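Visitor: Below is a structure I'd like to ask you about.
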There are 6 protein chains.
Amino acid sequence: MNREERHRYGMKVLEQVDGEAGKRVVDSLADVSPELGHQIVAWAFGDMYARPELPARDRQLVTLGVLAALGGCEPELEVHINAALNVGLTATEVAEALLHTAVYAGIPRSVNATVVAKKVFGERGLLPISNLS
Amino acid sequence: MNREERHRYGMKVLEQVDGEAGKRVVDSLADVSPELGHQIVAWAFGDMYARPELPARDRQLVTLGVLAALGGCEPELEVHINAALNVGLTATEVAEALLHTAVYAGIPRSVNATVVAKKVFGERGLLPISNLS
Amino acid sequence: MNREERHRYGMKVLEQVDGEAGKRVVDSLADVSPELGHQIVAWAFGDMYARPELPARDRQLVTLGVLAALGGCEPELEVHINAALNVGLTATEVAEALLHTAVYAGIPRSVNATVVAKKVFGERGLLPISNLS
Amino acid sequence: MNREERHRYGMKVLEQVDGEAGKRVVDSLADVSPELGHQIVAWAFGDMYARPELPARDRQLVTLGVLAALGGCEPELEVHINAALNVGLTATEVAEALLHTAVYAGIPRSVNATVVAKKVFGERGLLPISNLS
Amino acid sequence: MNREERHRYGMKVLEQVDGEAGKRVVDSLADVSPELGHQIVAWAFGDMYARPELPARDRQLVTLGVLAALGGCEPELEVHINAALNVGLTATEVAEALLHTAVYAGIPRSVNATVVAKKVFGERGLLPISNLS
Amino acid sequence: MNREERHRYGMKVLEQVDGEAGKRVVDSLADVSPELGHQIVAWAFGDMYARPELPARDRQLVTLGVLAALGGCEPELEVHINAALNVGLTATEVAEALLHTAVYAGIPRSVNATVVAKKVFGERGLLPISNLS
C-alpha cells in the first residue's frame, strides 16, 4: 500500500472505532500538523488497531486504562469512552474499568476519567448506569 | 462494621477533612459510579484518613505534594487546599508547600497548583498571603 | 464482614488472580507497612477485583494499560503479566495489549513493559509468541 | 549579585525569551507566592536560561519536549510555543517538534500540545503551516 | 551573597537535612554536570529549604508525597527517607505517609516507595515498625 | 513502499541515528513482539525521523527533553544520549539540555538522566565535560 492507500484503509478502521469524533480530531489538525493527523489515521488505526491479535473491545479496555493513568487526556477519553460503547462495552463495564484504575493510578485519575464518562453517558441517555452488585 | 457502617464512619471523617466540597464529589458520582463514591468515603476516609499514625495536618502536606506532582488534578487540589486550611495549615504554609514542590516536580506543576491556591485563598479572603522572609 | 473476614476473603481473590507472586508482595510488607499489605488484600482484591461488573480477564487488560502507562512499575507488571496469563489471556494477547499502549503512551513505555513480558513468557516457556498476522 | 540584582538580571533574560506572557505569569503570583515568581525570574531565567552552553533556540526544543511529555501544562506550552517563535524556531519546526513527541510520549500528549500550537499560530497569523515533505 | 557564598550556605542546609547522602549525589555530578550539583546546593537547599515558612519536617512530608507520586525516583526516595528520619519524622510516620500516597497515586507507587523505606529502615535498625492502630 | 521496503528504509535511518544500540533493542523484541520492533523501525524511524522538517540534532534535543521528563526511561536515554552524540551534539550540550530539564521536570528527573549521561560519556572517553561558563 502506498501512503494514500494506507490513509484510506486507516480511515475505515477509525470510522468503525471512533466514529465522527475521531474524524473531527484529524480534521482539526489539518492546518497545523497534517502529518500528525495522517499518522493517527494511517499508523494508529491502519497499522495498530487493524491487527487481529486483539479485538476492538479489548483494545478499548487497554486504551481506557492508559488514558486514565496518563491524566490530562480528558478530550481523548471522551473520544474513547464513546469508542468503547461503539465496539460493544456497556456503560457499566466502562464505569467499572475506570473504577478499577483507582487501584493502580489512584482516586483522582479514576474520578477525573469517570467525570468524562458521566458526560458521555448523559449524552447517550445511559444514566443512571445499572450495577450487578 | 458492615458496608453501611463503614460508609457512615468514613463520611464523618470526610466531613471533618473536606467539608462540603468532598460530599459534592461523592454526590456527583452517584449516577455514574456509585461504587467509586462509596470507596472514596469508606476506604479513603474511613480506612486511611482515620488512622492515628499521622495527624490530619500532616496528611494534607503529603496530599498536596502528591496532587501537585501528578498534574491534571486541579479539581482535587481545590478540594484539598480547602481541606489543608480546614485542618490547621495556614495559607502561608500551603503556598510554601506548593513552592517546595518546584524543586522535585518542576516549575509548571508548582505554578499550576499555586494558581488553584490563589483561587481558594481569594474565596476565603486570605490574599495577599504574608511571608516570614 | 469484620476486618479479618475482609482480609480472608480478599486473600482468596488475590490467590486466584495473582497466585504466589501477589502473596510475596504482601508478605514483604509485613514488617514495614502491614496496613499497606492489608489494604492490597482487603481493599484492592476483596473490594475491587471481586466485583462481578467486569471479569478477571478484562480487569487485567485495564491493569496492563495502567501499569504500562505509569512507567516505573516493572515489579508490578511482572506480577500482573503472570496474572493476565493466569486468568485466561494468551501470551499473544498480552504482547498485543502492550504493543497497543505505544499509541497512547509512546514507544518507551511499550518497550519497557514488553521487556518484562519477555521475562515472564520465557519463565513460562511461551517464547516465541505466535502472531496471527 | 544580591537578590535584587539577580532578579533584575533574570527579568532581562525572561523578557527576551518569553516576552510579555512570562511577565504576566510572574505578576499573577505576586499576592499568592511572590517567592515562586522570584524563583522563576532569578533562578529559571537568571541562572539557567542565561547560560551560554546551549542557545535559546535549542533550550526551547528541550522545553517543548518536556512540557508536551508532562501533560497538563497547556498554559506553560502556550508561553513557550510563543517563546520558541520569539527565539527563532519557525512554526513548521515547532509543529514538527511536537509531532516528534508522539514517538516517545504517545499520540494524546502530541495532539494536546499541537492544539495549543494551533491557537498560538492562529493568533500570530501563521496558519496554515507549510511543510517541506 | 555571591555564587560561592550561596554554595557554602546551601551546603550547610543540605548537610543538616540530607547528611552524607546528599553530598554524595552532588559529588557524583562533578565531572558530568557541575552546574546541576551547584544548583542542588545553592538553589534547592540554599534558596528553598532554608526558608522559614515551613519547617524541615513538613518539607519532607511534601517531598515524600512528590517523590512517591512521580515514580522512578527510588534513589531520591532513599536520600529523602533518610532525610525525613534526620529531621524528626519517625519510621512509623514515614511509612504512614507513604501508605497515604496510595489513595492519590495508586498502590504501585505506594508499594515501590515503601520498598525503599524498608531498605532504609533496615539499615538504621528500625524494623519492624510499630503501629498505633 | 510495501511493508518490507518501509522496514528497510527505516532501518537505514535508525542506523544513522542510533547505531548498533537501536538495532539491539529491535532484535531483543523479535521473539516477544516482532511487530513492536517493526514499528520502531518502519514508523518511528522510517516515517517520523526521516522527515526533513527538523534535522536529526534538533530531534535529539526534543527526545532528551521527553525521555528525561517521562522518567523510568533510563535504557532509552542511554540509546538516545549516544544518538545525540552521533548526530552532532557535544557532551556539553547534552549535559546542558538535561540540566535545563530541571526547570520544568524537577531536580530528580534531571539528576537521573544526568547519571545515564555520565555512564555514556565515560564509555566514550568524554569525561570530564568542559563548560563555557
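Residue numbering restarts at 1 for every chain of the C-alpha cells, chains are lettered A, B, ... in their displayed order, and ligands are numbered from 1 as they appear.
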Please provide the set of residues having any atom within 10 Å of Leu99 of chain D, restricted to only C-alpha atoms, with same-chain residues fewer than 4 positions apart removed, written as a CSV table (one decimal) with all heavy atoms, in the first residue's frame.

Guide:
chain,number,residue,atom,x,y,z
A,33,SER,N,-0.8,20.6,11.7
A,33,SER,CA,0.1,19.4,11.7
A,33,SER,C,-0.6,18.3,10.9
A,33,SER,O,-1.0,17.2,11.5
A,33,SER,CB,0.4,18.9,13.1
A,33,SER,OG,1.4,18.0,13.1
A,34,PRO,N,-0.7,18.5,9.6
A,34,PRO,CA,-1.4,17.4,8.8
A,34,PRO,C,-0.7,16.1,8.9
A,34,PRO,O,-1.4,15.1,8.9
A,34,PRO,CB,-1.3,18.0,7.4
A,34,PRO,CG,-0.3,19.1,7.4
A,34,PRO,CD,-0.2,19.6,8.8
A,35,GLU,N,0.6,16.0,9.2
A,35,GLU,CA,1.2,14.8,9.3
A,35,GLU,C,0.8,14.0,10.6
A,35,GLU,O,0.6,12.8,10.6
A,35,GLU,CB,2.8,14.9,9.4
A,35,GLU,CG,3.5,13.6,9.5
A,35,GLU,CD,3.4,12.8,8.2
A,35,GLU,OE1,3.0,13.3,7.1
A,35,GLU,OE2,3.8,11.6,8.2
A,36,LEU,N,0.5,14.8,11.7
A,36,LEU,CA,0.0,14.1,12.9
A,36,LEU,C,-1.3,13.5,12.6
A,36,LEU,O,-1.6,12.4,13.0
A,36,LEU,CB,0.0,15.2,14.0
A,36,LEU,CG,-0.5,14.7,15.4
A,36,LEU,CD1,0.2,13.4,15.9
A,36,LEU,CD2,-0.4,15.8,16.5
A,37,GLY,N,-2.2,14.3,11.9
A,37,GLY,CA,-3.5,13.7,11.5
A,37,GLY,C,-3.3,12.5,10.7
A,37,GLY,O,-4.0,11.5,10.9
A,39,GLN,N,-0.8,10.4,10.7
A,39,GLN,CA,-0.2,9.3,11.4
A,39,GLN,C,-1.3,8.6,12.3
A,39,GLN,O,-1.3,7.4,12.6
A,39,GLN,CB,1.0,9.7,12.3
A,39,GLN,CG,2.2,10.1,11.4
A,39,GLN,CD,2.7,8.9,10.6
A,39,GLN,OE1,2.4,7.7,10.8
A,39,GLN,NE2,3.5,9.2,9.6
D,93,GLU,N,8.9,24.1,12.3
D,93,GLU,CA,9.8,23.4,13.2
D,93,GLU,C,9.1,23.1,14.6
D,93,GLU,O,9.3,22.0,15.1
D,93,GLU,CB,11.0,24.2,13.5
D,93,GLU,CG,12.0,24.2,12.3
D,93,GLU,CD,13.1,25.2,12.4
D,93,GLU,OE1,12.9,26.3,13.0
D,93,GLU,OE2,14.2,24.9,11.9
D,94,VAL,N,8.3,24.1,15.1
D,94,VAL,CA,7.6,23.8,16.4
D,94,VAL,C,6.6,22.7,16.2
D,94,VAL,O,6.5,21.8,17.0
D,94,VAL,CB,6.9,25.1,16.8
D,94,VAL,CG1,5.9,24.8,18.0
D,94,VAL,CG2,7.9,26.2,17.3
D,95,ALA,N,5.8,22.7,15.1
D,95,ALA,CA,4.8,21.7,14.9
D,95,ALA,C,5.5,20.3,14.7
D,95,ALA,O,5.0,19.3,15.2
D,95,ALA,CB,4.0,22.0,13.6
D,103,VAL,N,6.3,9.9,19.2
D,103,VAL,CA,7.0,8.7,19.2
D,103,VAL,C,7.3,8.2,20.7
D,103,VAL,O,7.2,7.1,21.0
D,103,VAL,CB,8.4,8.8,18.5
D,103,VAL,CG1,9.2,7.6,18.6
D,103,VAL,CG2,8.1,9.2,17.0
D,106,GLY,N,3.6,9.4,23.1
D,106,GLY,CA,2.3,8.9,22.7
D,106,GLY,C,1.5,10.0,22.0
D,106,GLY,O,1.8,11.2,22.1
D,107,ILE,N,0.5,9.5,21.2
D,107,ILE,CA,-0.4,10.4,20.4
D,107,ILE,C,-1.1,11.5,21.3
D,107,ILE,O,-1.1,12.7,20.9
D,107,ILE,CB,-1.4,9.6,19.6
D,107,ILE,CG1,-0.6,8.7,18.6
D,107,ILE,CG2,-2.4,10.5,18.9
D,107,ILE,CD1,-0.2,9.3,17.3
D,109,ARG,N,-0.5,13.1,24.1
D,109,ARG,CA,0.3,14.3,24.5
D,109,ARG,C,0.7,15.1,23.3
D,109,ARG,O,0.7,16.4,23.4
D,109,ARG,CB,1.6,13.7,25.2
D,109,ARG,CG,1.4,13.0,26.5
D,109,ARG,CD,1.1,13.9,27.6
D,109,ARG,NE,1.2,13.3,28.9
D,109,ARG,CZ,0.1,13.2,29.7
D,109,ARG,NH1,-1.1,13.7,29.4
D,109,ARG,NH2,0.2,12.6,30.9
D,110,SER,N,1.0,14.5,22.2
D,110,SER,CA,1.4,15.2,21.0
D,110,SER,C,0.2,16.0,20.5
D,110,SER,O,0.4,17.2,20.1
D,110,SER,CB,1.9,14.2,19.9
D,110,SER,OG,2.2,14.8,18.7
D,111,VAL,N,-1.0,15.4,20.4
D,111,VAL,CA,-2.2,16.1,20.0
D,111,VAL,C,-2.5,17.3,20.9
D,111,VAL,O,-2.8,18.4,20.4
D,111,VAL,CB,-3.4,15.2,19.9
D,111,VAL,CG1,-4.7,16.0,19.7
D,111,VAL,CG2,-3.2,14.2,18.7
D,113,ALA,N,-0.6,19.1,22.8
D,113,ALA,CA,0.4,20.2,22.6
D,113,ALA,C,0.2,20.9,21.3
D,113,ALA,O,0.3,22.1,21.1
D,113,ALA,CB,1.8,19.6,22.7
D,114,THR,N,-0.2,20.1,20.3
D,114,THR,CA,-0.4,20.7,18.9
D,114,THR,C,-1.7,21.5,18.9
D,114,THR,O,-1.7,22.5,18.1
D,114,THR,CB,-0.5,19.5,17.9
D,114,THR,OG1,0.7,18.7,17.9
D,114,THR,CG2,-0.7,20.1,16.5
F,48,MET,N,8.9,9.0,10.9
F,48,MET,CA,9.0,10.2,11.7
F,48,MET,C,10.4,10.8,11.6
F,48,MET,O,10.5,12.0,11.2
F,48,MET,CB,8.6,9.9,13.1
F,48,MET,CG,7.2,9.3,13.2
F,48,MET,SD,5.8,10.5,13.0
F,48,MET,CE,5.6,11.0,14.7

Visitor: At a cut-off of 8 Å, can you tabulate as CSV every residue of chain A near chain F together with its closest atom pair and the distance in Å to one decimal, using only C-alpha atoms and ordering rows by chain then number?

Guide:
residue,atom,partner,partner_atom,distance
A:Met1,CA,F:Asn2,CA,5.8
A:Asn2,CA,F:Met1,CA,5.8
A:Trp43,CA,F:Trp43,CA,7.6

Visitor: Those selected residues, please, written with N, CA, C and O atoms and delivered as a PDB file, in the first residue's frame.

Guide:
ATOM      1  N   MET A   1       0.834  -1.207   0.000  1.00  0.00           N
ATOM      2  CA  MET A   1       0.000   0.000   0.000  1.00  0.00           C
ATOM      3  C   MET A   1       0.866   1.253   0.000  1.00  0.00           C
ATOM      4  O   MET A   1       1.831   1.344   0.760  1.00  0.00           O
ATOM      5  N   ASN A   2       0.498   2.220  -0.808  1.00  0.00           N
ATOM      6  CA  ASN A   2       1.204   3.499  -0.742  1.00  0.00           C
ATOM      7  C   ASN A   2       0.584   4.386   0.339  1.00  0.00           C
ATOM      8  O   ASN A   2      -0.382   3.994   0.990  1.00  0.00           O
ATOM      9  N   TRP A  43      -1.196   5.175  10.823  1.00  0.00           N
ATOM     10  CA  TRP A  43      -0.428   4.344  11.748  1.00  0.00           C
ATOM     11  C   TRP A  43      -1.303   3.787  12.874  1.00  0.00           C
ATOM     12  O   TRP A  43      -1.475   2.577  12.997  1.00  0.00           O
TER      13      TRP A  43
END

Visitor: Which distance in Å separates atom CA of Leu54 of chain C and atom CA of Leu67 of chain C, to one decimal?

Guide: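 So the two atoms, atom CA of Leu54 of chain C and atom CA of Leu67 of chain C, lie 18.2 Å apart.
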
Visitor: Run DSSP on the backbone and tell me which residues of chain E come out as alpha helix (DSSP H); list them as a PyMOL selection string.

Guide: chain E and resi 3-18+20-28+34-39+56-70+74-86+91-105+107-123

Visitor: Which residues are close to Thr63 of chain F, i.e. within 9 Å by only C-alpha atoms, leaving aside same-chain residues fewer than 3 positions away? Reply as a list in words.

Guide: Val62, Gly65, Val66, His100, Thr101, Val103 and Tyr104 of chain D; Asp58, Arg59, Gln60, Val66, Leu67, Ala68, Leu77 and His80 of chain F

Visitor: Keeping N, CA and C atoms, export the residues of the selection given above as a PDB file, in the first residue's frame.

Guide:
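Below is the file that was written, result_34.pdb:
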ATOM      1  N   VAL D  62      14.144  21.596  23.831  1.00  0.00           N
ATOM      2  CA  VAL D  62      14.103  20.745  25.029  1.00  0.00           C
ATOM      3  C   VAL D  62      12.842  21.037  25.837  1.00  0.00           C
ATOM      4  N   GLY D  65       9.756  19.549  24.400  1.00  0.00           N
ATOM      5  CA  GLY D  65       9.726  18.112  24.659  1.00  0.00           C
ATOM      6  C   GLY D  65       9.271  17.807  26.077  1.00  0.00           C
ATOM      7  N   VAL D  66       9.825  18.528  27.050  1.00  0.00           N
ATOM      8  CA  VAL D  66       9.458  18.283  28.453  1.00  0.00           C
ATOM      9  C   VAL D  66       7.988  18.615  28.689  1.00  0.00           C
ATOM     10  N   HIS D 100       7.068  15.016  16.729  1.00  0.00           N
ATOM     11  CA  HIS D 100       8.116  14.072  17.135  1.00  0.00           C
ATOM     12  C   HIS D 100       7.860  13.497  18.530  1.00  0.00           C
ATOM     13  N   THR D 101       7.246  14.285  19.417  1.00  0.00           N
ATOM     14  CA  THR D 101       6.991  13.778  20.778  1.00  0.00           C
ATOM     15  C   THR D 101       6.038  12.586  20.783  1.00  0.00           C
ATOM     16  N   VAL D 103       6.262   9.904  19.196  1.00  0.00           N
ATOM     17  CA  VAL D 103       7.027   8.658  19.225  1.00  0.00           C
ATOM     18  C   VAL D 103       7.322   8.241  20.666  1.00  0.00           C
ATOM     19  N   TYR D 104       7.646   9.200  21.495  1.00  0.00           N
ATOM     20  CA  TYR D 104       8.131   8.886  22.843  1.00  0.00           C
ATOM     21  C   TYR D 104       7.089   9.080  23.930  1.00  0.00           C
TER      22      TYR D 104
ATOM     23  N   ASP F  58      18.247  18.442  16.170  1.00  0.00           N
ATOM     24  CA  ASP F  58      17.111  19.043  16.869  1.00  0.00           C
ATOM     25  C   ASP F  58      16.174  17.972  17.415  1.00  0.00           C
ATOM     26  N   ARG F  59      15.979  16.918  16.641  1.00  0.00           N
ATOM     27  CA  ARG F  59      15.114  15.826  17.129  1.00  0.00           C
ATOM     28  C   ARG F  59      15.655  15.228  18.418  1.00  0.00           C
ATOM     29  N   GLN F  60      16.972  15.116  18.530  1.00  0.00           N
ATOM     30  CA  GLN F  60      17.527  14.546  19.763  1.00  0.00           C
ATOM     31  C   GLN F  60      17.329  15.488  20.950  1.00  0.00           C
ATOM     32  N   VAL F  66      11.825  14.868  26.299  1.00  0.00           N
ATOM     33  CA  VAL F  66      10.705  13.952  26.556  1.00  0.00           C
ATOM     34  C   VAL F  66      11.140  12.810  27.474  1.00  0.00           C
ATOM     35  N   LEU F  67      12.251  12.165  27.162  1.00  0.00           N
ATOM     36  CA  LEU F  67      12.673  10.989  27.930  1.00  0.00           C
ATOM     37  C   LEU F  67      13.036  11.355  29.368  1.00  0.00           C
ATOM     38  N   ALA F  68      13.712  12.491  29.549  1.00  0.00           N
ATOM     39  CA  ALA F  68      14.026  12.918  30.917  1.00  0.00           C
ATOM     40  C   ALA F  68      12.736  13.198  31.675  1.00  0.00           C
ATOM     41  N   LEU F  77      17.130   6.449  27.399  1.00  0.00           N
ATOM     42  CA  LEU F  77      18.045   7.597  27.478  1.00  0.00           C
ATOM     43  C   LEU F  77      19.457   7.187  27.076  1.00  0.00           C
ATOM     44  N   HIS F  80      19.597   7.159  23.418  1.00  0.00           N
ATOM     45  CA  HIS F  80      19.437   8.464  22.771  1.00  0.00           C
ATOM     46  C   HIS F  80      20.475   9.488  23.180  1.00  0.00           C
TER      47      HIS F  80
END
